[in-house]
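K.L.:
Contents are mmCIF, C-alpha atoms and all ligand atoms; file name input.cif:
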```cif
data_coords
loop_
_atom_site.label_atom_id
_atom_site.label_comp_id
_atom_site.auth_asym_id
_atom_site.auth_seq_id
_atom_site.Cartn_x
_atom_site.Cartn_y
_atom_site.Cartn_z
CA MET A 619 0.00 0.00 0.00
CA LEU A 620 1.63 3.19 -1.26
CA SER A 621 -0.02 5.46 1.29
CA ARG A 622 1.50 3.67 4.32
CA PHE A 623 4.86 5.18 3.40
CA VAL A 624 3.54 8.75 3.27
CA PRO A 625 3.48 10.61 6.61
CA GLY A 626 0.10 12.02 7.74
CA ALA A 627 1.30 15.62 7.60
CA LEU A 628 2.35 15.17 3.96
CA VAL A 629 -0.98 13.53 3.08
CA ARG A 630 -2.78 16.50 4.64
CA TRP A 631 -0.58 18.89 2.70
CA PHE A 632 -1.52 17.07 -0.52
CA ALA A 633 -5.16 17.19 0.50
CA ARG A 634 -5.40 20.94 1.07
CA PRO A 635 -6.70 21.94 -2.35
CA TYR A 636 -9.20 19.07 -2.41
CA VAL A 637 -10.81 19.32 1.02
CA ALA A 638 -13.14 22.21 1.85
CA GLY A 639 -12.19 22.37 5.52
CA HIS A 640 -12.87 20.60 8.78
CA ASP A 641 -16.38 21.65 9.79
CA ILE A 642 -19.72 22.78 8.33
CA ASP A 643 -18.81 26.47 8.58
CA ASP A 644 -15.73 25.85 6.42
CA VAL A 645 -17.57 24.00 3.66
CA PHE A 646 -20.42 26.55 3.62
CA ALA A 647 -17.84 29.32 3.17
CA VAL A 648 -16.43 27.45 0.15
CA ALA A 649 -19.92 26.89 -1.31
CA ASP A 650 -20.77 30.56 -0.84
CA ARG A 651 -17.49 31.66 -2.44
CA GLU A 652 -18.05 29.40 -5.47
CA LEU A 653 -21.57 30.75 -5.93
CA ARG A 654 -20.93 34.47 -5.37
CA SER A 655 -17.58 34.89 -7.08
CA ARG A 656 -17.80 32.33 -9.87
CA ALA A 657 -21.53 31.51 -10.21
CA GLN A 658 -20.67 27.87 -9.61
CA LEU A 659 -22.90 25.41 -7.82
CA THR A 660 -21.60 22.88 -5.30
CA THR A 661 -22.36 19.46 -3.92
CA ILE A 662 -21.18 18.92 -0.35
CA ASP A 663 -19.86 15.57 0.87
CA LEU A 664 -18.75 14.51 4.33
CA LEU A 665 -15.57 12.42 4.22
CA GLY A 666 -15.99 9.36 6.39
CA GLU A 667 -16.81 6.30 4.33
CA ALA A 668 -15.86 2.68 5.11
CA VAL A 669 -16.57 3.09 8.82
CA THR A 670 -15.71 0.37 11.32
CA GLU A 671 -17.72 1.34 14.44
CA GLN A 672 -21.39 2.13 15.07
CA ALA A 673 -20.41 5.34 16.88
CA LEU A 674 -18.95 6.63 13.61
CA VAL A 675 -22.12 5.73 11.71
CA ASP A 676 -24.15 7.70 14.27
CA GLU A 677 -21.74 10.62 13.99
CA ASN A 678 -22.09 10.65 10.20
CA VAL A 679 -25.90 10.59 10.44
CA ASP A 680 -25.78 13.45 12.90
CA VAL A 681 -23.53 15.61 10.69
CA TYR A 682 -25.71 15.02 7.61
CA GLU A 683 -28.84 15.95 9.58
CA GLN A 684 -27.17 19.19 10.66
CA LEU A 685 -26.13 19.84 7.05
CA PHE A 686 -29.71 19.62 5.75
CA GLU A 687 -31.17 21.79 8.53
CA ARG A 688 -28.46 24.42 8.22
CA LEU A 689 -28.58 24.55 4.41
CA ALA A 690 -32.30 25.26 4.54
CA ARG A 691 -31.90 28.02 7.16
CA ASP A 692 -28.78 29.74 5.85
CA PRO A 693 -29.69 32.99 4.04
CA ARG A 694 -26.68 32.57 1.72
CA PHE A 695 -28.45 29.53 0.27
CA GLY A 696 -31.99 30.87 0.38
CA ASN A 697 -32.68 30.05 -3.27
CA PRO A 698 -33.40 26.30 -3.49
CA ALA A 699 -32.32 26.28 -7.16
CA THR A 700 -28.74 27.31 -6.31
CA ARG A 701 -28.59 25.78 -2.83
CA PRO A 702 -25.73 23.25 -2.56
CA THR A 703 -26.79 19.67 -3.08
CA VAL A 704 -25.46 16.97 -0.75
CA SER A 705 -23.64 13.76 -1.65
CA LEU A 706 -23.12 10.73 0.57
CA LYS A 707 -21.39 7.37 0.36
CA PRO A 708 -23.37 4.32 1.51
CA SER A 709 -20.40 2.75 3.31
CA ALA A 710 -20.42 5.70 5.71
CA PHE A 711 -23.66 4.30 7.17
CA THR A 712 -22.82 0.74 8.11
CA CYS A 713 -20.05 -1.00 9.99
CA GLY A 714 -21.39 -4.46 9.10
CA GLU A 715 -23.85 -5.72 6.47
CA GLN A 716 -24.58 -3.47 3.51
CA SER A 717 -28.29 -3.73 4.21
CA ALA A 718 -27.78 -1.92 7.54
CA ALA A 719 -27.08 1.28 5.57
CA ALA A 720 -30.57 1.31 4.03
CA ASP A 721 -32.39 2.59 7.10
CA PRO A 722 -30.14 5.58 7.93
CA ILE A 723 -29.94 6.57 4.26
CA THR A 724 -33.74 6.48 3.95
CA ARG A 725 -34.12 8.65 7.05
CA LEU A 726 -31.56 11.10 5.70
CA ALA A 727 -33.28 11.24 2.31
CA GLU A 728 -36.53 12.09 4.08
CA ARG A 729 -34.82 14.89 6.03
CA ALA A 730 -33.19 16.19 2.86
CA HIS A 731 -36.58 16.27 1.13
CA ALA A 732 -38.21 18.06 4.08
CA ASN A 733 -35.48 20.73 3.89
CA GLN A 734 -35.57 21.04 0.09
CA VAL A 735 -32.04 19.77 -0.31
CA ARG A 736 -31.24 17.49 -3.22
CA LEU A 737 -29.31 14.34 -2.34
CA THR A 738 -26.95 12.21 -4.45
CA ILE A 739 -25.85 8.73 -3.43
CA ASP A 740 -22.26 8.33 -4.65
CA MET A 741 -21.15 5.07 -6.27
CA GLU A 742 -18.44 3.05 -4.54
CA ASP A 743 -16.73 -0.11 -5.79
CA HIS A 744 -18.69 -2.81 -7.61
CA PRO A 745 -19.94 -4.81 -4.58
CA TRP A 746 -22.00 -1.68 -3.79
CA THR A 747 -23.56 -1.20 -7.23
CA ASP A 748 -26.81 -3.12 -6.69
CA PHE A 749 -27.41 -1.62 -3.26
CA THR A 750 -26.77 1.91 -4.49
CA LEU A 751 -28.98 1.63 -7.58
CA ASP A 752 -31.82 -0.12 -5.72
CA THR A 753 -31.74 2.39 -2.87
CA SER A 754 -31.46 5.57 -4.92
CA ILE A 755 -34.10 4.55 -7.47
CA GLY A 756 -36.44 3.42 -4.66
CA LEU A 757 -36.08 6.78 -2.88
CA PHE A 758 -36.56 8.75 -6.11
CA GLU A 759 -39.74 6.79 -6.76
CA ARG A 760 -41.10 8.02 -3.43
CA GLY A 761 -41.09 11.50 -4.99
CA TRP A 762 -37.85 12.66 -3.33
CA ASP A 763 -35.09 14.33 -5.36
CA VAL A 764 -32.48 11.62 -4.90
CA GLY A 765 -29.90 11.00 -7.63
CA THR A 766 -27.00 8.63 -8.01
CA VAL A 767 -23.85 7.86 -10.01
CA ILE A 768 -23.04 5.41 -12.78
CA GLN A 769 -19.53 4.30 -13.80
CA THR A 770 -18.76 3.75 -17.49
CA ARG A 771 -16.01 1.23 -16.73
CA LEU A 772 -18.35 -1.49 -15.43
CA HIS A 773 -19.55 -4.07 -17.96
CA ARG A 774 -23.04 -4.00 -16.41
CA THR A 775 -23.56 -0.26 -16.88
CA GLN A 776 -25.03 -0.49 -20.40
CA ARG A 777 -27.85 -2.61 -18.92
CA ASP A 778 -28.25 -0.40 -15.84
CA LEU A 779 -28.93 2.70 -17.96
CA ALA A 780 -32.38 1.37 -18.71
CA ARG A 781 -33.31 1.32 -15.01
CA PHE A 782 -33.35 5.07 -14.38
CA PRO A 783 -36.76 6.70 -14.25
CA GLU A 784 -37.44 9.87 -16.22
CA GLY A 785 -36.36 13.01 -14.34
CA MET A 786 -33.88 11.29 -12.04
CA ARG A 787 -30.44 12.89 -11.73
CA VAL A 788 -27.55 10.61 -12.72
CA ARG A 789 -23.90 11.61 -12.41
CA LEU A 790 -21.88 9.93 -15.16
CA VAL A 791 -18.23 9.10 -14.35
CA ILE A 792 -15.55 6.71 -15.58
CA GLY A 793 -15.21 5.40 -12.00
CA ILE A 794 -12.38 5.91 -9.51
CA TYR A 795 -12.04 2.32 -8.24
CA ASN A 796 -9.60 -0.12 -9.82
CA GLU A 797 -12.00 -2.94 -10.67
CA PRO A 798 -11.08 -6.48 -11.81
CA ALA A 799 -11.30 -7.27 -15.53
CA ALA A 800 -14.13 -9.70 -14.77
CA VAL A 801 -16.46 -6.78 -14.02
CA ALA A 802 -14.92 -3.80 -15.79
CA ILE A 803 -13.05 -2.66 -18.85
CA THR A 804 -9.48 -1.50 -18.24
CA ASP A 805 -8.96 0.67 -21.31
CA ARG A 806 -9.35 4.34 -20.32
CA GLY A 807 -10.01 5.43 -23.91
CA GLU A 808 -13.00 3.10 -24.03
CA MET A 809 -14.25 4.30 -20.62
CA LYS A 810 -14.16 7.87 -21.95
CA ALA A 811 -15.82 7.03 -25.25
CA ARG A 812 -18.67 5.50 -23.27
CA MET A 813 -19.16 8.76 -21.34
CA VAL A 814 -20.47 10.49 -24.44
CA ALA A 815 -22.47 7.51 -25.71
CA TYR A 816 -24.10 6.90 -22.32
CA ALA A 817 -24.84 10.60 -21.82
CA LYS A 818 -26.76 10.60 -25.11
CA GLU A 819 -28.65 7.48 -24.11
CA LEU A 820 -29.56 8.83 -20.66
CA LEU A 821 -30.74 12.15 -22.10
CA GLY A 822 -32.85 10.26 -24.61
CA ARG A 823 -34.47 8.45 -21.69
CA GLY A 824 -35.41 11.74 -20.00
CA VAL A 825 -32.76 11.49 -17.28
CA PHE A 826 -30.93 14.61 -15.91
CA VAL A 827 -27.26 14.05 -16.82
CA GLU A 828 -24.47 15.28 -14.54
CA PHE A 829 -21.36 14.85 -16.68
CA ALA A 830 -18.46 14.55 -14.20
CA THR A 831 -14.94 14.67 -15.62
CA HIS A 832 -11.94 16.99 -15.92
CA ASP A 833 -11.11 15.85 -19.43
CA GLU A 834 -11.26 18.94 -21.63
CA ALA A 835 -11.82 17.07 -24.90
CA LEU A 836 -14.69 15.07 -23.41
CA LEU A 837 -16.29 18.15 -21.88
CA THR A 838 -16.21 20.11 -25.11
CA GLU A 839 -17.66 17.14 -26.98
CA PHE A 840 -20.43 16.92 -24.38
CA ALA A 841 -21.17 20.65 -24.65
CA ARG A 842 -21.13 20.65 -28.46
CA ASP A 843 -22.73 17.36 -29.41
CA VAL A 844 -24.77 16.10 -26.46
CA ALA A 845 -26.05 18.98 -24.31
CA PRO A 846 -27.86 20.73 -27.21
CA LEU A 847 -30.21 17.71 -27.35
CA CYS A 848 -31.71 18.88 -24.05
CA PRO A 849 -29.70 21.65 -22.31
CA GLN A 850 -32.11 21.99 -19.39
CA ARG A 851 -31.26 18.44 -18.30
CA CYS A 852 -27.47 18.78 -18.40
CA GLU A 853 -24.85 19.85 -15.91
CA VAL A 854 -21.07 19.51 -15.63
CA GLN A 855 -19.39 18.48 -12.38
CA MET A 856 -15.75 18.65 -11.25
CA LEU A 857 -13.83 18.09 -8.05
CA LEU A 858 -12.78 20.97 -5.81
CA GLY A 859 -9.08 21.70 -6.25
CA VAL A 860 -8.61 20.36 -9.78
CA PRO A 861 -7.56 23.48 -11.70
CA ARG A 862 -10.00 23.95 -14.54
CA THR A 863 -11.02 27.59 -13.98
CA GLN A 864 -10.84 28.73 -17.61
CA LEU A 865 -12.63 25.65 -18.89
CA GLN A 866 -15.35 26.03 -16.25
CA GLN A 867 -15.91 29.64 -17.31
CA ASP A 868 -16.01 28.66 -20.97
CA LEU A 869 -18.58 25.93 -20.33
CA ALA A 870 -20.76 28.22 -18.22
CA ASN A 871 -20.52 31.07 -20.74
CA GLY A 872 -21.52 28.85 -23.65
CA ARG A 873 -18.25 29.01 -25.55
CA TYR A 874 -18.93 25.53 -26.93
CA GLY A 875 -22.48 26.28 -27.99
CA THR A 876 -24.52 25.45 -24.89
CA ARG A 877 -24.32 27.27 -21.56
CA LEU A 878 -23.87 24.64 -18.89
CA PRO A 879 -24.16 24.89 -15.11
CA VAL A 880 -20.92 23.82 -13.41
CA ARG A 881 -21.10 22.14 -10.01
CA ILE A 882 -18.06 21.63 -7.79
CA TYR A 883 -17.85 18.54 -5.58
CA ALA A 884 -16.69 19.91 -2.22
CA PRO A 885 -15.76 17.27 0.38
CA PHE A 886 -15.13 18.28 3.98
CA SER A 887 -14.20 16.34 7.08
CA ILE A 888 -14.91 16.68 10.76
CA GLY A 889 -11.37 17.07 12.08
CA ALA A 890 -8.20 16.45 10.07
CA ASP A 891 -7.91 12.68 10.69
CA ASN A 892 -10.87 11.70 8.50
CA ALA A 893 -9.46 13.74 5.63
CA THR A 894 -6.13 11.94 5.98
CA ALA A 895 -7.80 8.53 5.99
CA TYR A 896 -9.85 9.46 2.90
CA LEU A 897 -6.83 10.62 0.96
CA ARG A 898 -4.81 7.53 1.93
CA ARG A 899 -7.59 5.31 0.56
CA ARG A 900 -7.76 7.35 -2.66
CA MET A 901 -3.97 7.07 -3.08
CA ASP A 902 -4.17 3.29 -2.65
CA GLU A 903 -7.06 2.95 -5.08
CA ASN A 904 -5.46 5.22 -7.62
CA PRO A 905 -1.72 5.82 -7.13
CA SER A 906 -1.57 7.97 -10.27
CA MET A 907 -3.49 10.58 -8.27
CA VAL A 908 -0.24 11.59 -6.56
CA LEU A 909 1.19 12.49 -9.95
CA LEU A 910 -1.98 14.36 -10.88
CA VAL A 911 -1.79 16.36 -7.66
CA LEU A 912 1.85 17.25 -8.29
CA ARG A 913 1.05 18.31 -11.83
CA ASN A 914 -1.82 20.45 -10.58
CA LEU A 915 0.32 22.06 -7.93
CA PHE A 916 3.18 22.93 -10.24
CA GLY A 917 1.59 23.21 -13.65
CA SER A 918 -1.72 25.05 -13.38
CA ARG A 919 -2.87 27.33 -16.19
CA ALA A 920 -3.38 31.06 -15.94
CA VAL A 921 -6.98 32.19 -16.12
CA ASP A 922 -8.41 35.13 -17.92
CA GLY A 923 -11.86 36.33 -18.88
CA THR A 924 -14.80 37.51 -16.86
CA PRO A 925 -16.53 35.33 -14.27
CA PRO A 926 -19.55 33.60 -15.80
CA SER A 927 -23.13 34.32 -14.90
CA LEU A 928 -25.26 31.37 -13.86
CA PRO A 929 -26.72 29.73 -16.97
CA PRO A 930 -30.50 29.75 -17.24
CA THR A 931 -30.53 25.94 -17.42
CA SER A 932 -29.08 25.57 -13.93
CA ALA A 933 -30.33 23.07 -11.44
CA ALA A 934 -34.02 22.39 -11.33
CA PRO A 935 -35.49 23.17 -7.88
CA PRO A 936 -36.03 20.20 -5.60
CA THR A 937 -39.13 18.22 -6.29
CA GLY A 938 -42.04 18.41 -3.88
C1 LIG A 1001 -17.85 15.59 -9.36
C2 LIG A 1001 -17.28 14.21 -9.40
C3 LIG A 1001 -17.87 13.20 -8.67
C4 LIG A 1001 -17.38 11.89 -8.74
N1 LIG A 1001 -18.06 10.89 -8.09
C5 LIG A 1001 -17.61 9.62 -8.25
C6 LIG A 1001 -18.33 8.53 -7.68
O1 LIG A 1001 -19.36 8.68 -7.03
N2 LIG A 1001 -17.84 7.28 -7.88
C7 LIG A 1001 -16.69 7.04 -8.60
O2 LIG A 1001 -16.31 5.88 -8.76
N3 LIG A 1001 -15.99 8.07 -9.14
C8 LIG A 1001 -16.42 9.33 -8.97
N4 LIG A 1001 -15.70 10.34 -9.53
C9 LIG A 1001 -14.34 10.09 -10.07
C10 LIG A 1001 -14.36 9.73 -11.55
O3 LIG A 1001 -14.89 8.45 -11.68
C11 LIG A 1001 -12.91 9.74 -12.10
O4 LIG A 1001 -12.14 8.81 -11.46
C12 LIG A 1001 -12.21 11.07 -11.97
O5 LIG A 1001 -13.07 12.12 -12.31
C13 LIG A 1001 -10.99 11.09 -12.93
O6 LIG A 1001 -11.39 10.87 -14.25
P1 LIG A 1001 -11.55 12.01 -15.35
O7 LIG A 1001 -12.74 11.66 -16.18
O8 LIG A 1001 -11.58 13.34 -14.71
O9 LIG A 1001 -10.36 11.77 -16.34
P2 LIG A 1001 -8.81 11.64 -16.11
O10 LIG A 1001 -8.25 11.25 -17.42
O11 LIG A 1001 -8.52 10.77 -14.93
O12 LIG A 1001 -8.41 13.11 -15.75
C14 LIG A 1001 -8.27 14.10 -16.72
C15 LIG A 1001 -7.35 15.13 -16.11
O13 LIG A 1001 -8.01 15.72 -14.95
C16 LIG A 1001 -7.09 15.91 -13.89
N5 LIG A 1001 -7.53 15.13 -12.73
C17 LIG A 1001 -8.45 14.14 -12.73
N6 LIG A 1001 -8.67 13.67 -11.48
C18 LIG A 1001 -7.86 14.37 -10.68
C19 LIG A 1001 -7.62 14.36 -9.28
N7 LIG A 1001 -8.28 13.58 -8.44
N8 LIG A 1001 -6.71 15.22 -8.81
C20 LIG A 1001 -6.06 16.04 -9.62
N9 LIG A 1001 -6.24 16.10 -10.95
C21 LIG A 1001 -7.13 15.28 -11.47
C22 LIG A 1001 -5.75 15.54 -14.45
O14 LIG A 1001 -5.16 16.71 -14.99
C23 LIG A 1001 -6.06 14.58 -15.58
O15 LIG A 1001 -5.06 14.52 -16.54
C24 LIG A 1001 -16.21 11.64 -9.50
C25 LIG A 1001 -15.60 12.65 -10.22
C26 LIG A 1001 -16.13 13.93 -10.20
C27 LIG A 1001 -15.47 14.99 -11.01
#
```
Rewrite the coordinates I just gave you, this time as structure tokens.
Ligand SMILES: Cc1cc2nc3c(=O)[nH]c(=O)nc-3n(C[C@H](O)[C@H](O)[C@H](O)COP(=O)(O)OP(=O)(O)OC[C@H]3O[C@@H](n4cnc5c(N)ncnc54)[C@H](O)[C@@H]3O)c2cc1C
P.N.:
Amino acid sequence: MLSRFVPGALVRWFARPYVAGHDIDDVFAVADRELRSRAQLTTIDLLGEAVTEQALVDENVDVYEQLFERLARDPRFGNPATRPTVSLKPSAFTCGEQSAAADPITRLAERAHANQVRLTIDMEDHPWTDFTLDTSIGLFERGWDVGTVIQTRLHRTQRDLARFPEGMRVRLVIGIYNEPAAVAITDRGEMKARMVAYAKELLGRGVFVEFATHDEALLTEFARDVAPLCPQRCEVQMLLGVPRTQLQQDLANGRYGTRLPVRIYAPFSIGADNATAYLRRRMDENPSMVLLVLRNLFGSRAVDGTPPSLPPTSAAPPTG
């Protein structure tokens, strides 16, 4: 495991651009900054997946409940259409069987709905795929604005596309987890080609497509060739800290033909230790990330141009 050899302080130093702080105040300040200064939307995630004790599950539930209540009350996020959405990982809600996560996630989805906060259930590695699809689709079918994520690398994904009901939000990604060849393709070019093909298919099925990548060629192809099919059901998503400022402005300003809302995935942790654990896991799953981080730190592009205004197609208000 690569990360075992990296001291905690160095991991935290690496993490700085990618983590939006160590409490709710910190992450709200980041969300407010993104919205006011760059007209960018956010989705907030609490780092703390793969828990091993019930006390940590309870802590995660408690923090998410606070998030929903505070998002609804905070005057900076008074407009439900631009209010940050919230993302969660199922493994943050069980320290045993997968099925134990269903109950806390359902209660959280209900609280999110009551507070007009949209919720996305992130996709973890392939043993979680069935649980995540069943749970998110079941909650959406209750009339709650719950979305999920689909990974182009999995062989099963082509079949899964047909499961999403009209109007559901689906984030499309290549997938971060190194999966075995038995369940996933290993060719990155093919994973990327499927992003565009699957986005077209999902849009054709009436799904709201959240196209999540930092790949400039893919994003411009999406904006030029896919989004015009139904711009009001398209959004682009990127991770906090990955330097794509100019590209984000260009997408939001319609430089590639369609003005697209850009949403930043902003993870935060309670205390520094959870952030360190998260980053160590990410480094083990994807060692090339260390190189990406170094390239970002020492090779970012200069940005010019005016900050974008929020595109008219941005984020539908929460249902219900
Ligand atoms: C908003 C968002 C949510 C996501 N949610 C999930 C999820 O729920 N489940 C899941 O399995 N995966 C998720 N992912 C991760 C996704 O599956 C990819 O692993 C990740 O986005 C890298 O692939 P890429 O398409 O950006 O292309 P790449 O070819 O990997 O990246 C293109 C370029 O972007 C930059 N870059 C990409 N990633 C990073 C990084 N982490 N740090 C620094 N620079 C980087 C590099 O410059 C790189 O050359 C999410 C990604 C985003 C953007």
K.L.:
Between atom CA of Ala890 of chain A and atom CA of Val854 of chain A, what is the spacing in Å?
P.N.:
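These two atoms are separated by 28.9 Å.
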K.L.:
Please identify all protein, DNA and RNA residues within 8 Å of ligand LIG 1001 (chain A), counting only C-alpha atoms and all ligand atoms, and report them as a PyMOL selection string.
P.N.:
chain A and resi 636+707+739-743+766-769+789-795+806+810+830-834+855-857+859-861+881-883+907-908+910-911+913-914
K.L.:
Measure the distance from atom CA of Thr700 of chain A to atom CA of Thr660 of chain A in Å and round it to one decimal.
P.N.:
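Between atom CA of Thr700 of chain A and atom CA of Thr660 of chain A the gap is 8.5 Å.
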K.L.:
Could you list, as an MDAnalysis selection string, every residue within 10 Å of Met786 of chain A, counting all atoms listed in the file and ignoring same-chain residues fewer than 5 positions away?
P.N.:
chainID A and resid 754:755 758:759 762:766 820 824:827 851
K.L.:
Measure the distance from atom CA of Thr876 of chain A to atom CA of Arg656 of chain A in Å and round it to one decimal.
P.N.:
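Computing the Euclidean distance for atom CA of Thr876 of chain A and atom CA of Arg656 of chain A yields 17.8 Å.
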K.L.:
Please provide the set of residues having any atom within 12 Å of Ala647 of chain A, restricted to only C-alpha atoms, with same-chain residues fewer than 6 positions apart removed, written as a VMD selection string.
P.N.:
chain A and resid 638 to 641 653 to 655 660 662 689 692 694 to 695 702 884 886
K.L.:
Using all atoms listed in the file, which residues sit within 9 Å of Val629 of chain A once same-chain residues fewer than 2 positions away are excluded, as a PyMOL selection string?
P.N.:
chain A and resi 621+624-627+631-634+893-895+897-898
K.L.:
How big is the axis-aligned box around all listed atoms of segment 731-739 of chain A once 3 Å goes on each side, and where's its centre, in Å to one decimal, as AutoDock Vina command-line options?
P.N.:
```
--center_x -32.0 --center_y 14.9 --center_z -0.2 --size_x 18.4 --size_y 18.3 --size_z 14.5
```
K.L.:
Excluding same-chain residues fewer than 3 positions from Phe840 of chain A, what lies within 9 Å of it counting all atoms listed in the file, as a PyMOL selection string?
P.N.:
chain A and resi 813-814+817-818+829+835-837+843-846
K.L.:
Just want the 10 Å neighbourhood of Glu671 of chain A, counted on all atoms listed in the file, with same-chain residues fewer than 4 positions away dropped. Output as a list in words.
P.N.:
Val675, Asp676, Phe711, Thr712, Cys713 and Gly714 of chain A
K.L.:
Using C-alpha atoms, can you export the residues from the last selection as a PDB file, keeping the file's coordinate frame?
P.N.:
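Output saved as out-v2.pdb:
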```pdb
ATOM      1  CA  VAL A 675     -22.120   5.730  11.710  1.00  0.00           C
ATOM      2  CA  ASP A 676     -24.150   7.700  14.270  1.00  0.00           C
ATOM      3  CA  PHE A 711     -23.660   4.300   7.170  1.00  0.00           C
ATOM      4  CA  THR A 712     -22.820   0.740   8.110  1.00  0.00           C
ATOM      5  CA  CYS A 713     -20.050  -1.000   9.990  1.00  0.00           C
ATOM      6  CA  GLY A 714     -21.390  -4.460   9.100  1.00  0.00           C
TER       7      GLY A 714
END
```
K.L.:
Let me make sure I understand: among A:Gln776, A:Ser709, A:Thr838, A:Thr770, which one has the smallest atom-to-atom distance to Gly807 of chain A if we use only C-alpha atoms?
P.N.:
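Among A:Gln776, A:Ser709, A:Thr838, A:Thr770, it is A:Thr770 that comes nearest to Gly807 of chain A.
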K.L.:
Give the answer as one residue: which of A:Pro722, A:Gly666, A:Gly872, A:Pro693 has the shortest atom-to-atom distance to Ala710 of chain A, using all atoms listed in the file?
P.N.:
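Among the listed residues, A:Gly666 lies closest to Ala710 of chain A.
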K.L.:
Using all atoms listed in the file, pick whichever of A:Ala719, A:Ala730, A:Ala673, A:Cys852 has the shortest atom-to-atom distance to Glu828 of chain A.
P.N.:
A:Cys852
K.L.:
Mind filling out segment 669-687 of chain A with N, CA and C atoms and sending it as a PDB file, in the coordinates of the input?
P.N.:
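Final output, saved to out_24.pdb:
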```
ATOM      1  N   VAL A 669     -16.706   2.985   7.368  1.00  0.00           N
ATOM      2  CA  VAL A 669     -16.570   3.090   8.820  1.00  0.00           C
ATOM      3  C   VAL A 669     -16.476   1.702   9.454  1.00  0.00           C
ATOM      4  N   THR A 670     -15.924   1.663  10.664  1.00  0.00           N
ATOM      5  CA  THR A 670     -15.710   0.370  11.320  1.00  0.00           C
ATOM      6  C   THR A 670     -16.430   0.278  12.674  1.00  0.00           C
ATOM      7  N   GLU A 671     -17.028   1.389  13.133  1.00  0.00           N
ATOM      8  CA  GLU A 671     -17.720   1.340  14.440  1.00  0.00           C
ATOM      9  C   GLU A 671     -19.070   2.037  14.326  1.00  0.00           C
ATOM     10  N   GLN A 672     -20.046   1.538  15.113  1.00  0.00           N
ATOM     11  CA  GLN A 672     -21.390   2.130  15.070  1.00  0.00           C
ATOM     12  C   GLN A 672     -21.351   3.603  15.494  1.00  0.00           C
ATOM     13  N   ALA A 673     -20.454   3.944  16.421  1.00  0.00           N
ATOM     14  CA  ALA A 673     -20.410   5.340  16.880  1.00  0.00           C
ATOM     15  C   ALA A 673     -20.095   6.278  15.711  1.00  0.00           C
ATOM     16  N   LEU A 674     -19.297   5.787  14.764  1.00  0.00           N
ATOM     17  CA  LEU A 674     -18.950   6.630  13.610  1.00  0.00           C
ATOM     18  C   LEU A 674     -20.136   6.749  12.643  1.00  0.00           C
ATOM     19  N   VAL A 675     -20.892   5.662  12.525  1.00  0.00           N
ATOM     20  CA  VAL A 675     -22.120   5.730  11.710  1.00  0.00           C
ATOM     21  C   VAL A 675     -23.040   6.797  12.299  1.00  0.00           C
ATOM     22  N   ASP A 676     -23.243   6.741  13.613  1.00  0.00           N
ATOM     23  CA  ASP A 676     -24.150   7.700  14.270  1.00  0.00           C
ATOM     24  C   ASP A 676     -23.643   9.129  14.082  1.00  0.00           C
ATOM     25  N   GLU A 677     -22.330   9.279  14.172  1.00  0.00           N
ATOM     26  CA  GLU A 677     -21.740  10.620  13.990  1.00  0.00           C
ATOM     27  C   GLU A 677     -22.010  11.119  12.565  1.00  0.00           C
ATOM     28  N   ASN A 678     -21.845  10.241  11.588  1.00  0.00           N
ATOM     29  CA  ASN A 678     -22.090  10.650  10.200  1.00  0.00           C
ATOM     30  C   ASN A 678     -23.552  11.058   9.995  1.00  0.00           C
ATOM     31  N   VAL A 679     -24.474  10.258  10.568  1.00  0.00           N
ATOM     32  CA  VAL A 679     -25.900  10.590  10.440  1.00  0.00           C
ATOM     33  C   VAL A 679     -26.147  11.968  11.047  1.00  0.00           C
ATOM     34  N   ASP A 680     -25.569  12.190  12.198  1.00  0.00           N
ATOM     35  CA  ASP A 680     -25.780  13.450  12.900  1.00  0.00           C
ATOM     36  C   ASP A 680     -25.269  14.639  12.062  1.00  0.00           C
ATOM     37  N   VAL A 681     -24.083  14.496  11.475  1.00  0.00           N
ATOM     38  CA  VAL A 681     -23.530  15.610  10.690  1.00  0.00           C
ATOM     39  C   VAL A 681     -24.402  15.874   9.461  1.00  0.00           C
ATOM     40  N   TYR A 682     -24.853  14.816   8.790  1.00  0.00           N
ATOM     41  CA  TYR A 682     -25.710  15.020   7.610  1.00  0.00           C
ATOM     42  C   TYR A 682     -27.030  15.693   8.005  1.00  0.00           C
ATOM     43  N   GLU A 683     -27.590  15.294   9.153  1.00  0.00           N
ATOM     44  CA  GLU A 683     -28.840  15.950   9.580  1.00  0.00           C
ATOM     45  C   GLU A 683     -28.607  17.444   9.800  1.00  0.00           C
ATOM     46  N   GLN A 684     -27.495  17.753  10.439  1.00  0.00           N
ATOM     47  CA  GLN A 684     -27.170  19.190  10.660  1.00  0.00           C
ATOM     48  C   GLN A 684     -27.001  19.911   9.319  1.00  0.00           C
ATOM     49  N   LEU A 685     -26.346  19.224   8.371  1.00  0.00           N
ATOM     50  CA  LEU A 685     -26.130  19.840   7.050  1.00  0.00           C
ATOM     51  C   LEU A 685     -27.464  20.249   6.415  1.00  0.00           C
ATOM     52  N   PHE A 686     -28.426  19.315   6.404  1.00  0.00           N
ATOM     53  CA  PHE A 686     -29.710  19.620   5.750  1.00  0.00           C
ATOM     54  C   PHE A 686     -30.411  20.786   6.438  1.00  0.00           C
ATOM     55  N   GLU A 687     -30.473  20.734   7.792  1.00  0.00           N
ATOM     56  CA  GLU A 687     -31.170  21.790   8.530  1.00  0.00           C
ATOM     57  C   GLU A 687     -30.483  23.135   8.282  1.00  0.00           C
TER      58      GLU A 687
END
```
